[in-house]
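Following: one structure in structure tokens, then a few remarks.
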Amino acid sequence: MSHAEQQSRSLEEVKISFQDVTKRFRVREGRTVSEFTAVEGVNLDVRPGEFMAVVGPSGCGKSTLLDLLAGLSEPTSGQILLDGKPISGPGLDRGIVFQQYALFPWRTAQANIEFGLEAKGYGVKERRDWARHYLELVGLAGFENRYPHELSGGMKQRVAIARSLAFDPEVLLMDEPFAALDAQTRESLQAELLRIWERTGKTILFITHGIDEAVYLGQRVAVMTARPGRIKRIVDIPIDKRSEEEDIRSGAEFGALRHEIWSELRTEVQRSQALRQELGSGSGTKKAR
Amino acid sequence: MSLNKALAAGGLAGGKADVGGAAVVGARIKAASAKVVRSTAAIAGLAAIWELAPRLGLVDATFLPPLSKVIEAWWELAVSGALLEHFQASIMRSVSGLLLAIAFAIPLGLAIGYYKPAAAFLNPLLELFRNTAALALLPVFILILGIGETSKVSIVLYACSWPILLSTVNGVRNVDPLLVKSARSLGISPFKLFLKVILPASLPSVFTGIRLAGASSILVLIAAEMVGAKAGLGYLINYAQYNFQIPEMYAGILTISALGLLINQGLIAIERKFSGWKTGPDR
């Protein structure tokens, strides 16, 4: 079954569903306990096999959204459904790729990838075979025995991606995974990720603050508002990246979409800056008293 | 590590000059030998001063005999077998005290670091004990346990436990939260999380504690042997000083330095084996 077929067949199905999700944190500042809303009333549906990118100004609660979906924290209100069932905690049906790689420094590349397989209860040989397979998939065959400190940033992130893919989750959650990389490495990893996504057919929720990255990778791009984070708009990206060999980033359609999202985001970035300044001066007067 | 660096630097210099293979090898040998000279120069200098200063009358040769006299005395002690006896007595006490401390303090430290309430409850007590010099308690140990082996091993155990305990607690507390989060996101049990993430992540800090403990094990032991013992390097030094056998006294001191180096190098070797992944380029 081709990807397009799979896509159209599942157009009506929903893999991940955020339903009116709100998350508030209690912050203790001296004696006063204030509440702060990270995300509010988020509604977002992701289809099976879809590549959904989420962009937003910094501090808009993108990562909170991901933590909630990963089951690492619970929403204050609303619910998140995975295959129609509410999420009850972390699990091997979701794999996370972090910005700072989060590789275990005492494990080799292969042993890092085996980590999730150990949690799944696989035997030694099976683990090794799968780890090798996924190392090859991310283009790191022959690097099995390297420790993370012996790998470049891009290679580390490849290992991290392989680790999250290895235990075969249905959903891949990526939290600004390429933000710490240099521009060239980032571009090549973006292309690689699209290729991997095609080959594995995973549902991917990709969080980023880069508009180019979101437009390049996503089939749809969800734009978030400044704090508290809400979904402002969802932009369809009708560009077919898979068949493209040329530089699609320089195409007119790409430029138009990029500008559209940029305009949506600009007002939010300004708002979040204003908000921060306001907060800054507010706490300043508090201290002065 | 440092030798490698010197070799790499030598190779780099050779590459820059764009010379042939023989010249590169030559440059490497040069760089390596320069490194050896650099690392031994200070010790050789000290040895030279020790030898010459008493001979030139800069210091009283009675209180600081020339190094050659000290080495002579050391050799006599070694040949007679007395040195080995004292050395064995000391190393047995310090190593068994250290091993007992490792067996006792690491599990305790892991537990205290992992359970926050335990840490909050025990921390004031730990601070109190840590800041009580172990040697101040030596009379108490002798009073309760006598002047035999038990009191000596016990004081070493006591002195070694604190650095290991505190480093272990610290190591567990300072595990990168991202690694914990990453492992937790896979839904693994708290026990597995502890075994597979917390424990290996805190191992380097534990080893730092063990090395500190290794140093203090000798310090405390020598002092304990000086107070009441019939064998051991501390006893040898004290006895030699009472009997005005000054070269023998210095021979004992040199042996203690060697013992300290030996224990430290041994611990470093073990550390390398267990946390080899940490010897990165940034070290």
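By convention in this document, the chains of the structure tokens carry letters A, B, ... by their order, each chain's residues are numbered from 1, and ligands are numbered from 1 in the order they are shown.
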
*Neighbours of A:Leu72 within 8 Å (only C-alpha atoms; same-chain residues fewer than 4 positions away dropped), as an NGL selection string?*
(:A and (67-68 or 89-90)) or (:B and (181 or 184-185))

_Contact set, chain B to chain A: 6 Å, only C-alpha atoms, as JSON, numbers by chain_ = {"B": [179, 185, 186, 187, 277]}

So that I have them on file, write out the residues from the current selection with all heavy atoms, as a PDB file, in the first residue's frame.
```pdb
ATOM      1  N   LEU B 179      17.600  12.606  31.107  1.00  0.00           N
ATOM      2  CA  LEU B 179      17.785  11.160  30.944  1.00  0.00           C
ATOM      3  C   LEU B 179      16.682  10.405  31.682  1.00  0.00           C
ATOM      4  O   LEU B 179      16.165   9.405  31.189  1.00  0.00           O
ATOM      5  CB  LEU B 179      19.158  10.730  31.468  1.00  0.00           C
ATOM      6  CG  LEU B 179      20.382  11.270  30.730  1.00  0.00           C
ATOM      7  CD1 LEU B 179      21.655  10.732  31.341  1.00  0.00           C
ATOM      8  CD2 LEU B 179      20.306  10.924  29.257  1.00  0.00           C
ATOM      9  N   SER B 185       9.624   8.116  29.858  1.00  0.00           N
ATOM     10  CA  SER B 185       8.658   8.194  28.762  1.00  0.00           C
ATOM     11  C   SER B 185       8.421   6.823  28.129  1.00  0.00           C
ATOM     12  O   SER B 185       7.464   6.640  27.393  1.00  0.00           O
ATOM     13  CB  SER B 185       9.138   9.189  27.703  1.00  0.00           C
ATOM     14  OG  SER B 185      10.187   8.629  26.951  1.00  0.00           O
ATOM     15  N   LEU B 186       9.317   5.878  28.406  1.00  0.00           N
ATOM     16  CA  LEU B 186       9.121   4.527  27.880  1.00  0.00           C
ATOM     17  C   LEU B 186       8.286   3.677  28.829  1.00  0.00           C
ATOM     18  O   LEU B 186       8.043   2.505  28.570  1.00  0.00           O
ATOM     19  CB  LEU B 186      10.479   3.847  27.660  1.00  0.00           C
ATOM     20  CG  LEU B 186      11.428   4.561  26.697  1.00  0.00           C
ATOM     21  CD1 LEU B 186      12.762   3.858  26.650  1.00  0.00           C
ATOM     22  CD2 LEU B 186      10.812   4.614  25.317  1.00  0.00           C
ATOM     23  N   GLY B 187       7.892   4.284  29.933  1.00  0.00           N
ATOM     24  CA  GLY B 187       7.031   3.575  30.867  1.00  0.00           C
ATOM     25  C   GLY B 187       7.741   2.490  31.661  1.00  0.00           C
ATOM     26  O   GLY B 187       7.114   1.515  32.053  1.00  0.00           O
ATOM     27  N   TRP B 277      33.427   5.263  29.438  1.00  0.00           N
ATOM     28  CA  TRP B 277      32.664   6.128  28.539  1.00  0.00           C
ATOM     29  C   TRP B 277      32.862   7.601  28.859  1.00  0.00           C
ATOM     30  O   TRP B 277      32.572   8.461  28.051  1.00  0.00           O
ATOM     31  CB  TRP B 277      31.185   5.787  28.620  1.00  0.00           C
ATOM     32  CG  TRP B 277      30.645   5.780  30.021  1.00  0.00           C
ATOM     33  CD1 TRP B 277      30.597   4.720  30.874  1.00  0.00           C
ATOM     34  CD2 TRP B 277      30.085   6.878  30.738  1.00  0.00           C
ATOM     35  NE1 TRP B 277      30.056   5.080  32.054  1.00  0.00           N
ATOM     36  CE2 TRP B 277      29.723   6.402  32.013  1.00  0.00           C
ATOM     37  CE3 TRP B 277      29.851   8.217  30.418  1.00  0.00           C
ATOM     38  CZ2 TRP B 277      29.147   7.222  32.960  1.00  0.00           C
ATOM     39  CZ3 TRP B 277      29.280   9.028  31.380  1.00  0.00           C
ATOM     40  CH2 TRP B 277      28.936   8.518  32.635  1.00  0.00           C
TER      41      TRP B 277
END
```

Just the residues within 8 Å of stretch 204-215 of chain A, please, counting only C-alpha atoms, with nothing from its chain fewer than 3 positions along; format it as a PDB file with N, CA, C and O atoms, in the first residue's frame.
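Writing done, so here's part.pdb:
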```
ATOM      1  N   GLY A  49      -0.491   8.279  10.394  1.00  0.00           N
ATOM      2  CA  GLY A  49       0.529   8.414   9.362  1.00  0.00           C
ATOM      3  C   GLY A  49       0.798   9.843   8.939  1.00  0.00           C
ATOM      4  O   GLY A  49       1.556  10.087   8.010  1.00  0.00           O
ATOM      5  N   GLU A  50       0.197  10.772   9.639  1.00  0.00           N
ATOM      6  CA  GLU A  50       0.374  12.169   9.248  1.00  0.00           C
ATOM      7  C   GLU A  50       1.633  12.773   9.866  1.00  0.00           C
ATOM      8  O   GLU A  50       2.053  12.389  10.954  1.00  0.00           O
ATOM      9  N   PHE A  51       2.212  13.717   9.151  1.00  0.00           N
ATOM     10  CA  PHE A  51       3.329  14.497   9.686  1.00  0.00           C
ATOM     11  C   PHE A  51       2.792  15.869  10.061  1.00  0.00           C
ATOM     12  O   PHE A  51       2.517  16.691   9.203  1.00  0.00           O
ATOM     13  N   MET A  52       2.601  16.073  11.351  1.00  0.00           N
ATOM     14  CA  MET A  52       2.030  17.338  11.833  1.00  0.00           C
ATOM     15  C   MET A  52       3.123  18.154  12.504  1.00  0.00           C
ATOM     16  O   MET A  52       3.783  17.693  13.431  1.00  0.00           O
ATOM     17  N   ALA A  53       3.314  19.361  12.007  1.00  0.00           N
ATOM     18  CA  ALA A  53       4.289  20.256  12.624  1.00  0.00           C
ATOM     19  C   ALA A  53       3.550  21.278  13.478  1.00  0.00           C
ATOM     20  O   ALA A  53       2.462  21.717  13.113  1.00  0.00           O
ATOM     21  N   VAL A  54       4.151  21.614  14.610  1.00  0.00           N
ATOM     22  CA  VAL A  54       3.558  22.628  15.487  1.00  0.00           C
ATOM     23  C   VAL A  54       4.574  23.755  15.658  1.00  0.00           C
ATOM     24  O   VAL A  54       5.697  23.510  16.098  1.00  0.00           O
ATOM     25  N   VAL A  55       4.185  24.974  15.273  1.00  0.00           N
ATOM     26  CA  VAL A  55       5.072  26.118  15.502  1.00  0.00           C
ATOM     27  C   VAL A  55       4.420  27.090  16.470  1.00  0.00           C
ATOM     28  O   VAL A  55       3.200  27.174  16.558  1.00  0.00           O
ATOM     29  N   GLY A  56       5.246  27.837  17.163  1.00  0.00           N
ATOM     30  CA  GLY A  56       4.718  28.835  18.083  1.00  0.00           C
ATOM     31  C   GLY A  56       5.859  29.653  18.626  1.00  0.00           C
ATOM     32  O   GLY A  56       7.014  29.232  18.564  1.00  0.00           O
ATOM     33  N   PRO A  57       5.546  30.840  19.166  1.00  0.00           N
ATOM     34  CA  PRO A  57       6.606  31.646  19.773  1.00  0.00           C
ATOM     35  C   PRO A  57       7.190  30.906  20.973  1.00  0.00           C
ATOM     36  O   PRO A  57       6.535  30.046  21.551  1.00  0.00           O
ATOM     37  N   SER A  58       8.412  31.239  21.334  1.00  0.00           N
ATOM     38  CA  SER A  58       9.032  30.516  22.450  1.00  0.00           C
ATOM     39  C   SER A  58       8.239  30.756  23.728  1.00  0.00           C
ATOM     40  O   SER A  58       7.719  31.837  23.958  1.00  0.00           O
ATOM     41  N   LYS A  62       4.573  24.667  23.785  1.00  0.00           N
ATOM     42  CA  LYS A  62       4.697  23.575  22.811  1.00  0.00           C
ATOM     43  C   LYS A  62       5.168  22.294  23.497  1.00  0.00           C
ATOM     44  O   LYS A  62       4.634  21.217  23.266  1.00  0.00           O
ATOM     45  N   SER A  63       6.189  22.474  24.335  1.00  0.00           N
ATOM     46  CA  SER A  63       6.759  21.290  24.985  1.00  0.00           C
ATOM     47  C   SER A  63       5.812  20.705  26.032  1.00  0.00           C
ATOM     48  O   SER A  63       5.817  19.510  26.283  1.00  0.00           O
ATOM     49  N   VAL A 171       3.558   6.369  17.238  1.00  0.00           N
ATOM     50  CA  VAL A 171       3.650   7.826  17.149  1.00  0.00           C
ATOM     51  C   VAL A 171       5.047   8.274  17.541  1.00  0.00           C
ATOM     52  O   VAL A 171       5.620   7.771  18.508  1.00  0.00           O
ATOM     53  N   LEU A 172       5.590   9.195  16.788  1.00  0.00           N
ATOM     54  CA  LEU A 172       6.895   9.756  17.107  1.00  0.00           C
ATOM     55  C   LEU A 172       6.685  11.216  17.513  1.00  0.00           C
ATOM     56  O   LEU A 172       6.131  12.005  16.746  1.00  0.00           O
ATOM     57  N   LEU A 173       7.120  11.556  18.713  1.00  0.00           N
ATOM     58  CA  LEU A 173       6.979  12.923  19.196  1.00  0.00           C
ATOM     59  C   LEU A 173       8.357  13.565  19.163  1.00  0.00           C
ATOM     60  O   LEU A 173       9.291  13.048  19.761  1.00  0.00           O
ATOM     61  N   MET A 174       8.465  14.670  18.465  1.00  0.00           N
ATOM     62  CA  MET A 174       9.781  15.277  18.325  1.00  0.00           C
ATOM     63  C   MET A 174       9.751  16.709  18.836  1.00  0.00           C
ATOM     64  O   MET A 174       8.987  17.533  18.357  1.00  0.00           O
ATOM     65  N   ASP A 175      10.581  16.977  19.841  1.00  0.00           N
ATOM     66  CA  ASP A 175      10.582  18.277  20.510  1.00  0.00           C
ATOM     67  C   ASP A 175      11.784  19.097  20.047  1.00  0.00           C
ATOM     68  O   ASP A 175      12.857  18.988  20.615  1.00  0.00           O
ATOM     69  N   GLU A 176      11.597  19.899  19.030  1.00  0.00           N
ATOM     70  CA  GLU A 176      12.659  20.707  18.431  1.00  0.00           C
ATOM     71  C   GLU A 176      13.947  19.893  18.257  1.00  0.00           C
ATOM     72  O   GLU A 176      15.016  20.307  18.739  1.00  0.00           O
ATOM     73  N   PRO A 177      13.871  18.762  17.596  1.00  0.00           N
ATOM     74  CA  PRO A 177      15.025  17.856  17.597  1.00  0.00           C
ATOM     75  C   PRO A 177      16.253  18.400  16.874  1.00  0.00           C
ATOM     76  O   PRO A 177      17.363  17.984  17.166  1.00  0.00           O
ATOM     77  N   ALA A 179      17.074  21.727  16.634  1.00  0.00           N
ATOM     78  CA  ALA A 179      17.348  23.121  16.995  1.00  0.00           C
ATOM     79  C   ALA A 179      18.803  23.349  17.378  1.00  0.00           C
ATOM     80  O   ALA A 179      19.331  24.435  17.197  1.00  0.00           O
ATOM     81  N   GLN A 190      16.653  16.835   8.139  1.00  0.00           N
ATOM     82  CA  GLN A 190      15.241  17.037   7.788  1.00  0.00           C
ATOM     83  C   GLN A 190      14.859  16.141   6.610  1.00  0.00           C
ATOM     84  O   GLN A 190      13.829  15.465   6.633  1.00  0.00           O
ATOM     85  N   TRP A 197      10.220   8.775   7.583  1.00  0.00           N
ATOM     86  CA  TRP A 197       8.779   8.845   7.812  1.00  0.00           C
ATOM     87  C   TRP A 197       8.033   8.074   6.716  1.00  0.00           C
ATOM     88  O   TRP A 197       7.115   7.306   6.985  1.00  0.00           O
ATOM     89  N   GLY A 218       6.153  19.438   7.501  1.00  0.00           N
ATOM     90  CA  GLY A 218       4.789  19.093   7.853  1.00  0.00           C
ATOM     91  C   GLY A 218       3.865  18.932   6.656  1.00  0.00           C
ATOM     92  O   GLY A 218       4.027  19.594   5.636  1.00  0.00           O
ATOM     93  N   GLN A 219       2.885  18.039   6.822  1.00  0.00           N
ATOM     94  CA  GLN A 219       1.779  18.021   5.863  1.00  0.00           C
ATOM     95  C   GLN A 219       0.776  19.090   6.263  1.00  0.00           C
ATOM     96  O   GLN A 219       0.090  19.652   5.436  1.00  0.00           O
ATOM     97  N   ARG A 220       0.706  19.293   7.560  1.00  0.00           N
ATOM     98  CA  ARG A 220      -0.064  20.413   8.089  1.00  0.00           C
ATOM     99  C   ARG A 220       0.781  21.086   9.163  1.00  0.00           C
ATOM    100  O   ARG A 220       1.590  20.426   9.824  1.00  0.00           O
ATOM    101  N   VAL A 221       0.579  22.377   9.317  1.00  0.00           N
ATOM    102  CA  VAL A 221       1.311  23.117  10.341  1.00  0.00           C
ATOM    103  C   VAL A 221       0.308  23.768  11.280  1.00  0.00           C
ATOM    104  O   VAL A 221      -0.545  24.540  10.841  1.00  0.00           O
ATOM    105  N   ILE A 237      -0.205  22.152   4.060  1.00  0.00           N
ATOM    106  CA  ILE A 237       0.969  22.309   3.202  1.00  0.00           C
ATOM    107  C   ILE A 237       0.820  21.323   2.052  1.00  0.00           C
ATOM    108  O   ILE A 237       1.182  20.146   2.192  1.00  0.00           O
ATOM    109  N   ARG A 249      12.642  24.510  -1.077  1.00  0.00           N
ATOM    110  CA  ARG A 249      12.558  25.677  -0.190  1.00  0.00           C
ATOM    111  C   ARG A 249      12.550  26.986  -0.971  1.00  0.00           C
ATOM    112  O   ARG A 249      12.112  28.006  -0.477  1.00  0.00           O
ATOM    113  N   PHE A 254       6.282  27.420  -1.651  1.00  0.00           N
ATOM    114  CA  PHE A 254       6.911  27.324  -0.334  1.00  0.00           C
ATOM    115  C   PHE A 254       7.004  28.713   0.286  1.00  0.00           C
ATOM    116  O   PHE A 254       6.648  28.924   1.451  1.00  0.00           O
ATOM    117  N   LEU A 257       3.565  29.999   1.486  1.00  0.00           N
ATOM    118  CA  LEU A 257       3.129  29.339   2.729  1.00  0.00           C
ATOM    119  C   LEU A 257       3.948  29.819   3.912  1.00  0.00           C
ATOM    120  O   LEU A 257       3.422  30.061   5.000  1.00  0.00           O
ATOM    121  N   ARG A 258       5.239  29.966   3.649  1.00  0.00           N
ATOM    122  CA  ARG A 258       6.136  30.416   4.689  1.00  0.00           C
ATOM    123  C   ARG A 258       5.716  31.794   5.183  1.00  0.00           C
ATOM    124  O   ARG A 258       5.644  32.044   6.388  1.00  0.00           O
ATOM    125  N   ILE A 261       2.469  31.748   7.324  1.00  0.00           N
ATOM    126  CA  ILE A 261       2.681  31.338   8.709  1.00  0.00           C
ATOM    127  C   ILE A 261       3.489  32.394   9.466  1.00  0.00           C
ATOM    128  O   ILE A 261       3.215  32.687  10.633  1.00  0.00           O
ATOM    129  N   TRP A 262       4.415  33.004   8.749  1.00  0.00           N
ATOM    130  CA  TRP A 262       5.231  34.050   9.371  1.00  0.00           C
ATOM    131  C   TRP A 262       4.342  35.185   9.878  1.00  0.00           C
ATOM    132  O   TRP A 262       4.510  35.685  10.988  1.00  0.00           O
TER     133      TRP A 262
END
```

*Find the spatial neighbours of B:Arg130, counting only C-alpha atoms, within a cut-off of 9 Å - ignore same-chain residues fewer than 3 positions away - and output them as a list in words.*
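Surrounding residues, per the criterion: Leu125, Leu126, Glu127, Ala133, Ala134, Ala159, Trp162, Pro163 and Leu166 of chain B.
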
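For the pair atom CA of A:Ile113 and atom CA of B:Phe191, the interatomic distance is 20.2 Å.
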
*Please identify which residues in stretch 123-197 of chain A DSSP calls alpha helix (DSSP H) from the backbone, and express them as a ChimeraX atom specification.*
/A:124-137,153-166,183-197

_Given only C-alpha atoms as the basis, pick out the residue of B:Phe129, B:Ala224, B:Arg173, B:Ala215 nearest to B:Ile147._
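Selected residue with least distance to B:Ile147: B:Ala224.
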
_B:Gly146 environment, 12 Å, only C-alpha atoms, sequence neighbours closer than 5 positions dropped, as a list in words_ = Leu138, Pro139, Val140, Phe141, Ser151, Lys152, Val153, Ser154, Ile155, Ala224, Val227, Gly228 and Ala229 of chain B
